[in-house]
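So this block is my_file.cif, mmCIF, C-alpha atoms:
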```cif
data_target
loop_
_atom_site.label_atom_id
_atom_site.label_comp_id
_atom_site.auth_asym_id
_atom_site.auth_seq_id
_atom_site.Cartn_x
_atom_site.Cartn_y
_atom_site.Cartn_z
CA MET A 703 148.09 46.69 -37.61
CA LYS A 704 149.68 46.66 -41.08
CA LYS A 705 149.55 50.46 -41.20
CA ILE A 706 151.41 50.78 -37.88
CA LEU A 707 154.05 48.24 -38.96
CA LEU A 708 154.55 50.19 -42.18
CA LEU A 709 154.77 53.43 -40.18
CA LEU A 710 157.32 51.89 -37.80
CA MET A 711 159.48 50.56 -40.62
CA LEU A 712 159.27 53.86 -42.49
CA SER A 713 160.21 55.85 -39.39
CA ILE A 714 163.18 53.58 -38.69
CA PHE A 715 164.33 53.78 -42.32
CA ILE A 716 164.03 57.57 -42.49
CA SER A 717 165.70 57.97 -39.11
CA SER A 718 168.60 55.70 -40.07
CA GLN A 719 169.30 57.85 -43.13
CA VAL A 720 170.11 60.88 -41.01
CA TYR A 721 173.84 61.34 -40.34
CA SER A 722 173.60 62.18 -36.65
CA THR A 723 171.25 59.35 -35.68
CA GLU A 724 171.70 58.01 -32.16
CA LEU A 725 170.07 54.72 -31.24
CA GLY A 726 169.01 53.55 -27.83
CA ILE A 727 166.75 51.12 -26.09
CA GLY A 728 164.34 52.04 -23.32
CA ILE A 729 162.46 49.91 -20.83
CA PRO A 730 159.65 51.22 -18.62
CA VAL A 731 160.24 50.10 -15.04
CA ASN A 732 156.59 50.43 -14.00
CA ASP A 733 154.93 48.64 -16.94
CA ASP A 734 153.38 45.17 -16.56
CA THR A 735 153.38 44.69 -20.32
CA ARG A 736 157.12 44.09 -20.85
CA THR A 737 157.48 46.94 -23.34
CA VAL A 738 160.65 47.86 -25.22
CA HIS A 739 161.18 51.29 -26.81
CA LEU A 740 163.67 51.85 -29.63
CA THR A 741 164.84 55.43 -29.16
CA ILE A 742 166.00 57.08 -32.39
CA LYS A 743 167.45 60.57 -31.97
CA THR A 744 167.44 61.96 -35.50
CA SER A 745 168.79 65.33 -34.35
CA ASP A 746 169.26 67.33 -31.18
CA THR A 747 165.63 68.45 -31.46
CA LEU A 748 163.76 65.38 -32.79
CA ARG A 749 163.21 61.87 -31.47
CA VAL A 750 161.23 58.97 -32.99
CA GLU A 751 160.41 56.11 -30.62
CA PRO A 752 158.73 52.95 -31.96
CA PHE A 753 157.80 50.42 -29.26
CA ILE A 754 156.36 46.97 -28.79
CA GLY A 755 154.97 45.28 -25.70
CA MET A 756 153.33 42.03 -24.72
CA SER A 757 152.18 40.03 -21.74
CA SER A 758 150.53 36.71 -21.13
CA SER A 759 149.08 34.99 -18.10
CA SER A 760 147.20 31.81 -17.42
CA GLY A 761 145.37 30.22 -14.54
CA ASP A 762 142.30 28.10 -13.94
CA GLY A 763 142.31 27.03 -17.60
CA ILE A 764 142.04 30.61 -18.84
CA THR A 765 144.79 32.28 -20.85
CA THR A 766 145.00 36.05 -21.25
CA ASP A 767 147.21 37.67 -23.90
CA TYR A 768 147.90 41.36 -24.47
CA SER A 769 150.08 43.01 -27.10
CA LYS A 770 150.70 46.57 -28.23
CA ILE A 771 152.74 48.27 -30.91
CA GLY A 772 153.14 51.96 -31.59
CA VAL A 773 155.31 54.96 -32.30
CA GLY A 774 155.94 58.29 -30.63
CA VAL A 775 157.37 61.41 -32.29
CA TYR A 776 158.81 64.03 -29.96
CA ALA A 777 160.40 67.46 -30.12
CA VAL A 778 163.37 67.65 -27.76
CA SER A 779 164.45 70.73 -25.84
CA SER A 780 167.80 70.72 -24.07
CA ASP A 781 170.62 72.96 -22.99
CA GLU A 782 174.02 71.64 -24.13
CA SER A 783 175.52 72.37 -20.71
CA SER A 784 172.79 70.38 -18.94
CA SER A 785 172.33 66.65 -18.52
CA THR A 786 168.56 67.07 -18.45
CA LEU A 787 166.29 67.32 -21.46
CA LEU A 788 162.58 67.84 -21.97
CA TYR A 789 160.56 66.21 -24.75
CA TYR A 790 156.98 66.57 -25.90
CA GLY A 791 154.94 65.22 -28.76
CA GLY A 792 152.45 62.50 -29.57
CA ARG A 793 152.14 58.75 -29.43
CA LEU A 794 149.98 56.36 -31.48
CA THR A 795 149.32 52.83 -30.18
CA ILE A 796 147.45 49.79 -31.47
CA ASP A 797 146.65 47.07 -28.95
CA ARG A 798 145.04 43.63 -28.84
CA TYR A 799 143.65 41.73 -25.87
CA SER A 800 142.29 38.19 -25.84
CA LYS A 801 140.99 35.93 -23.13
CA THR A 802 140.00 32.31 -23.69
CA ASP A 803 136.33 31.52 -23.12
CA ASP A 804 135.48 35.21 -22.80
CA TYR A 805 136.20 37.83 -25.45
CA SER A 806 138.80 39.71 -27.42
CA SER A 807 139.33 43.37 -28.12
CA SER A 808 141.46 45.56 -30.31
CA GLY A 809 141.91 49.28 -30.16
CA GLN A 810 143.77 52.43 -31.08
CA GLU A 811 145.11 55.11 -28.79
CA ILE A 812 146.45 58.57 -29.46
CA ALA A 813 148.01 60.63 -26.70
CA PRO A 814 150.06 63.79 -26.26
CA VAL A 815 153.13 63.10 -24.14
CA ILE A 816 155.45 65.28 -22.09
CA GLY A 817 158.57 63.86 -20.51
CA PHE A 818 162.04 64.51 -19.18
CA GLU A 819 165.27 62.57 -19.27
CA TYR A 820 168.35 62.82 -17.07
CA LEU A 821 171.58 61.53 -18.62
CA PHE A 822 173.74 60.36 -15.74
CA SER A 823 176.38 59.14 -18.21
CA LYS A 824 176.88 59.27 -21.98
CA ARG A 825 175.05 55.97 -22.45
CA PHE A 826 172.56 55.70 -19.56
CA SER A 827 169.57 57.81 -18.62
CA ILE A 828 166.47 57.72 -16.50
CA GLY A 829 163.35 59.71 -17.17
CA GLY A 830 159.67 60.05 -16.68
CA GLU A 831 156.73 60.96 -18.81
CA ALA A 832 153.04 61.72 -18.46
CA PHE A 833 150.30 61.35 -21.03
CA TYR A 834 146.58 61.90 -21.47
CA GLY A 835 144.84 60.44 -24.48
CA ILE A 836 141.80 59.00 -26.15
CA LYS A 837 141.14 55.38 -26.99
CA SER A 838 138.71 53.54 -29.24
CA GLU A 839 138.32 49.86 -28.38
CA LYS A 840 136.31 47.29 -30.34
CA TYR A 841 135.09 44.36 -28.24
CA SER A 842 134.16 40.94 -29.62
CA PRO A 843 132.54 38.85 -26.89
CA ASP A 844 131.97 35.13 -27.45
CA ARG A 845 128.32 35.71 -26.62
CA GLY A 846 126.46 38.80 -27.69
CA ASP A 847 127.09 41.55 -30.19
CA ASN A 848 130.33 43.33 -30.96
CA TYR A 849 130.52 46.86 -29.63
CA THR A 850 132.90 49.82 -29.61
CA GLU A 851 133.81 51.88 -26.58
CA ASN A 852 135.51 55.29 -26.68
CA SER A 853 137.25 56.57 -23.59
CA SER A 854 139.98 58.83 -22.30
CA PHE A 855 142.91 57.73 -20.19
CA SER A 856 145.93 59.14 -18.44
CA GLY A 857 149.12 57.67 -17.13
CA SER A 858 152.78 58.03 -16.41
CA GLN A 859 155.86 55.88 -16.64
CA VAL A 860 159.50 55.83 -15.65
CA LEU A 861 161.96 54.75 -18.35
CA VAL A 862 165.56 53.61 -18.19
CA ARG A 863 167.42 54.04 -21.47
CA TYR A 864 170.73 52.82 -22.85
CA TYR A 865 172.27 54.56 -25.89
CA PHE A 866 174.49 52.56 -28.23
CA ASN A 867 176.48 55.47 -29.71
#
```

Once you've parsed the file, please lay out its structure as structure tokens.
Amino acid sequence: MKKILLLLMLSIFISSQVYSTELGIGIPVNDDTRTVHLTIKTSDTLRVEPFIGMSSSSGDGITTDYSKIGVGVYAVSSDESSSTLLYYGGRLTIDRYSKTDDYSSSGQEIAPVIGFEYLFSKRFSIGGEAFYGIKSEKYSPDRGDNYTENSSFSGSQVLVRYYFN
């Protein structure tokens, strides 16, 4: 977790040093985790996107908490006369899940991502992305031995973004 936080802070610092940096905030509309993306356009062809997400639920005396933090780095391809752009790159995520009276888990994910974005004004956009990755999850049940599970996953999401400048 400390390594990802350091990576996020370093990416934000480096990105903020670039003259043409554009900042934005993105929210996935189909994500139950309440995730927020900080979109940092360092140039017309590069985007760094740290994100954080969390959720919590409780019922029947059981509380479930989930959190994730990560960063994506994407190459951006666009035509200056078009309002649509394509981006592709990779995303690294660290997550943590805990459930009272059951178990907890923590894991790392890495996934290539391809996405598009349509700018319907200078400040607002909507886009979609698809990803397929691998995940390593370490489980710590209250009873029994700890174990690690490796798996692959795929997904997609729709994002709404607002750009500040």

**Message:** Expand the PyMOL selection byres ((chain A and resi 840-855) around 10) into the explicit residue set it covers here, and present it as a PyMOL selection string.
**Reply:** chain A and resi 798-813+833-839+856-857

**Request:** List, as a PyMOL selection string, every residue that the PyMOL selection byres ((chain A and resi 772-779) around 10) selects in the file provided.
**Result:** chain A and resi 703+706-707+709-710+713+739-743+745-755+770-771+780-782+786-797+810-818

**Message:** Env of Asp733 of chain A: 12 Å cut, atoms = all atoms listed in the file, seq-sep filter 6 positions within chain, self excluded. Answer as number ranges by chain.
**Reply:** A: 739, 755-757, 857-862

Prev. selection, C-alpha atoms, output as a compact mmCIF listing (two decimals), in the frame of the given file:
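Below is the file out-v5.txt, written as the result:
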```
# COMPACT_ATOMS: atom_id res chain seq x y z
CA HIS A 739 161.18 51.29 -26.81
CA GLY A 755 154.97 45.28 -25.70
CA MET A 756 153.33 42.03 -24.72
CA SER A 757 152.18 40.03 -21.74
CA GLY A 857 149.12 57.67 -17.13
CA SER A 858 152.78 58.03 -16.41
CA GLN A 859 155.86 55.88 -16.64
CA VAL A 860 159.50 55.83 -15.65
CA LEU A 861 161.96 54.75 -18.35
CA VAL A 862 165.56 53.61 -18.19
```

**Request:** Using all atoms listed in the file, determine which residues lie at most 10 Å from Ser827 of chain A, disregarding the query and same-chain residues fewer than 2 positions distant; provide the list as a list of chain:residue names.
**Result:**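 Counting all atoms listed in the file, the residues come to A:Gly728, A:Ser785, A:Thr786, A:Glu819, A:Tyr820, A:Leu821, A:Phe822, A:Ser823, A:Lys824, A:Arg825, A:Gly829, A:Leu861, A:Val862, A:Arg863, A:Tyr864, A:Tyr865.
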
**Item:** Straight-line distance linking atom CA of Ser758 of chain A with atom CA of Thr735 of chain A, stated in Å to one decimal
**Value:** 8.5 Å

**Request:** Can you work out the spacing between atom CA of Val731 of chain A and atom CA of Thr744 of chain A in Å, to one decimal?
**Result:**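 One can read the atom CA of Val731 of chain A to atom CA of Thr744 of chain A distance as 24.7 Å.
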
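Of note, atom CA of Gly763 of chain A and atom CA of Pro730 of chain A are spaced 29.8 Å apart.
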
**Item:** Residue members of the PyMOL selection byres ((chain A and resi 866) around 6) in the file shown, as a list in words
**Value:**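 This file, filtered by the PyMOL selection byres ((chain A and resi 866) around 6), leaves Leu725, Gly726, Tyr865 and Asn867 of chain A.
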